[in-house]
Amino acid sequence: MRLVTYDDGRVGYVTGDRVVDLGGLLVGGYTVPGTKSAMRRLLERWDQVRKALPAPAPTNSVPLASVRLGPPVPDPTKIVAAPVNYRDHRSEMAMTVDISDLAVFLKAPSSLLPHGGVVRLPYSDRRVDQEGELAAVIGRRAHRVSEADALGHVAGYTACLDITMRGGEDRSTRKSFDTFTPLGPWLVTADEAGPCDDVDLECVVNGEIRQKTNTRSLIWGVAKLVSYVSSVMTLEVGDVIATGTPAGVGPIAAGDEITVTLSRIGTLAVTVASDERGPSPTGTRRR
C-alpha cells in the first residue's frame, strides 16, 4: 500500500492514478485537535484498519495529479540518520571509521521537504552535496527491541535525500537546514515494499547517475539500525530512520534536478535553488 499525506494534512492511499481519502478511518476524522498529524494517527491504528480500506469511488478519491503531496510523515518526533553506512562511501570520503564507530545522529524534523519541493542552499561559499538513501518509518513504538523483532516495528519505507553542507560544524547542524531532508513521494508499507535488505537505489542529478547500489551493501541493515537506535532512544510511531548513503556523493547547485529511485518504492524528485544569504558565518573546513 502506498500511503500519502496530501493537501495540507489529509491522508490517503494511492491506487492507479487516484488518491483515496482515509480520513474516515481516523477516530474523530480530521477535526480532532492535537499535535499529531493524520498520518501518525493512521499508523497508530494501521493494524486495525488496513483490511477495511475503502474502495476507490468518485466520492472519496481525487486524481493524484491534482493533489499537493507533503512529506509522508510531516511531524516525526525525530529523524535519526546513519553516517558512513556503506563501505564504498567510507572510501570515497577517505574515512577510517564508519557507523560501527560513529553510531547515529539526529536531523531536525523542520528540515523535511516533500516530493516536488525545492532544496534551498543556505550560503554562497559552502559546498552542499546530495546523499540518496532508503528511509524506514516506525509503525509501532520501539524501546530496546531485539534485532530479530526490529522489522516488526517498521510501518514501511520511503525515499530520502540527506542534503549535507560540508564544513567543520557538527553533522546535526550541517544537515538540518530547512529543506535539507526531502522525503517521499509516499510511504510504501512493509508488506508491499518487500525485503528491506534488497532494495536497488539510484540517485540522479541532472540526468546523470551519481549513486547506484543495493541495500544489501549496508554495513548495518535496517533491523540492526532499528534495534540499536531503540536501545538509545525510544522510537515513536512516525519516526524516520535514514539508513545511509553509498558512494557517489557530489556537489549540487541552484537549478539542479535530483531524483532518488528505490525499487518497489518509487521516485523522489526535487529541484535546487539558492537562498542568497551570502557567505557562511562559520568555518569552511570540509568534513
# chains A, B, ... in the order shown; residues from 1 in each chain; ligands from 1
>>> closest_atom_pairs(of="segment 13-99 of chain A", to="segment 223-241 of chain A", cutoff="12 Å", atoms="only C-alpha atoms", output="tab-separated table")
residue	atom	partner	partner_atom	distance
A:Lys36	CA	A:Gly238	CA	9.6
A:Ser37	CA	A:Gly238	CA	9.3
A:Ala38	CA	A:Gly238	CA	10.6
A:Met39	CA	A:Gly238	CA	7.8
A:Arg40	CA	A:Gly238	CA	5.5
A:Arg41	CA	A:Val237	CA	8.6
A:Leu42	CA	A:Gly238	CA	9.8
A:Leu43	CA	A:Val237	CA	6.9
A:Glu44	CA	A:Val237	CA	6.6
A:Arg45	CA	A:Val237	CA	10.3
A:Trp46	CA	A:Val237	CA	10.8
A:Pro71	CA	A:Val240	CA	11.1
A:Pro72	CA	A:Gly238	CA	9.2
A:Val73	CA	A:Gly238	CA	6.2
A:Pro74	CA	A:Gly238	CA	8.8
A:Asp75	CA	A:Gly238	CA	7.6
A:Pro76	CA	A:Asp239	CA	4.6
A:Thr77	CA	A:Asp239	CA	5.9
A:Lys78	CA	A:Asp239	CA	5.5
A:Ile79	CA	A:Val240	CA	4.8
A:Val80	CA	A:Ile241	CA	4.8
A:Ala81	CA	A:Ile241	CA	5.7
A:Ala82	CA	A:Ile241	CA	7.8
A:Pro83	CA	A:Leu225	CA	11.3
A:Asn85	CA	A:Leu225	CA	10.2
A:Ile99	CA	A:Leu225	CA	9.8
>>> select_by_dssp(residues="segment 27-257 of chain A", states="helix (DSSP H, G or I)", output="PyMOL selection string")
chain A and resi 29-31+38-44+46-52+64-66+87-92+99-102+109-111+150-153+171-174+190-193+215-217+222-232
>>> write_last_selection(atoms="C-alpha atoms", output="compact mmCIF listing (two decimals), in the first residue's frame")
# COMPACT_ATOMS: atom_id res chain seq x y z
CA GLY A 29 -11.72 12.31 11.44
CA TYR A 30 -9.60 15.34 10.66
CA THR A 31 -11.26 17.55 13.29
CA ALA A 38 -3.23 12.44 10.45
CA MET A 39 -0.51 10.09 9.16
CA ARG A 40 0.83 9.38 12.62
CA ARG A 41 -2.72 8.76 13.86
CA LEU A 42 -3.36 6.44 10.92
CA LEU A 43 -0.15 4.48 11.50
CA GLU A 44 -1.07 4.01 15.17
CA TRP A 46 -2.89 0.62 10.89
CA ASP A 47 -3.04 -2.98 12.16
CA GLN A 48 -6.73 -2.46 12.98
CA VAL A 49 -7.83 -0.71 9.80
CA ARG A 50 -5.64 -1.96 6.96
CA LYS A 51 -8.07 -4.73 6.00
CA ALA A 52 -11.02 -2.34 5.92
CA LEU A 64 -3.15 12.01 -7.94
CA ALA A 65 -2.07 14.72 -10.38
CA SER A 66 -4.44 17.19 -8.70
CA ARG A 87 31.96 0.84 2.74
CA ASP A 88 32.30 2.47 -0.68
CA HIS A 89 31.17 5.79 0.83
CA ARG A 90 33.75 5.40 3.62
CA SER A 91 36.44 5.00 0.96
CA GLU A 92 35.08 7.91 -1.04
CA ILE A 99 28.78 3.61 11.58
CA SER A 100 30.23 0.98 13.91
CA ASP A 101 32.46 3.73 15.36
CA LEU A 102 30.16 6.75 14.94
CA PRO A 109 12.21 17.47 11.72
CA SER A 110 11.84 21.04 10.46
CA SER A 111 14.27 20.13 7.66
CA ALA A 150 13.02 -4.90 14.95
CA LEU A 151 11.40 -5.09 11.49
CA GLY A 152 8.05 -5.78 13.15
CA HIS A 153 8.20 -2.17 14.36
CA ARG A 171 26.57 16.83 11.47
CA SER A 172 23.28 17.78 13.07
CA THR A 173 23.93 21.42 12.11
CA ARG A 174 25.19 20.83 8.58
CA ALA A 190 6.47 -3.12 4.53
CA ASP A 191 4.38 -5.92 3.02
CA GLU A 192 4.43 -4.25 -0.41
CA ALA A 193 7.98 -2.90 -0.24
CA THR A 215 20.81 -2.03 0.35
CA ARG A 216 22.38 -5.47 0.75
CA SER A 217 25.64 -3.46 0.83
CA VAL A 222 17.60 -1.79 8.83
CA ALA A 223 16.96 -4.36 11.57
CA LYS A 224 20.26 -3.64 13.31
CA LEU A 225 19.70 0.11 12.99
CA VAL A 226 16.21 -0.03 14.50
CA SER A 227 17.38 -2.29 17.31
CA TYR A 228 20.39 -0.13 18.14
CA VAL A 229 18.54 3.19 17.98
CA SER A 230 15.75 1.82 20.19
CA SER A 231 18.38 0.95 22.79
CA VAL A 232 19.40 4.62 22.93
>>> atom_distance(atom1="atom CA of Pro182 of chain A", atom2="atom CA of Gly117 of chain A")
7.6 Å
>>> residues_around(residues="Val260 of chain A", least_positions_apart="4", cutoff="7 Å", atoms="only C-alpha atoms", output="NGL selection string")
:A and (132 or 159 or 202-204 or 267-269)
>>> closest_residue(among="A:Thr213, A:Ile265, A:Asp125, A:Ala273", to="Thr189 of chain A", atoms="only C-alpha atoms")
A:Ile265
>>> closest_residue(among="A:Gly244, A:Pro58, A:Gly167, A:Pro195", to="Thr282 of chain A", atoms="only C-alpha atoms")
A:Gly167
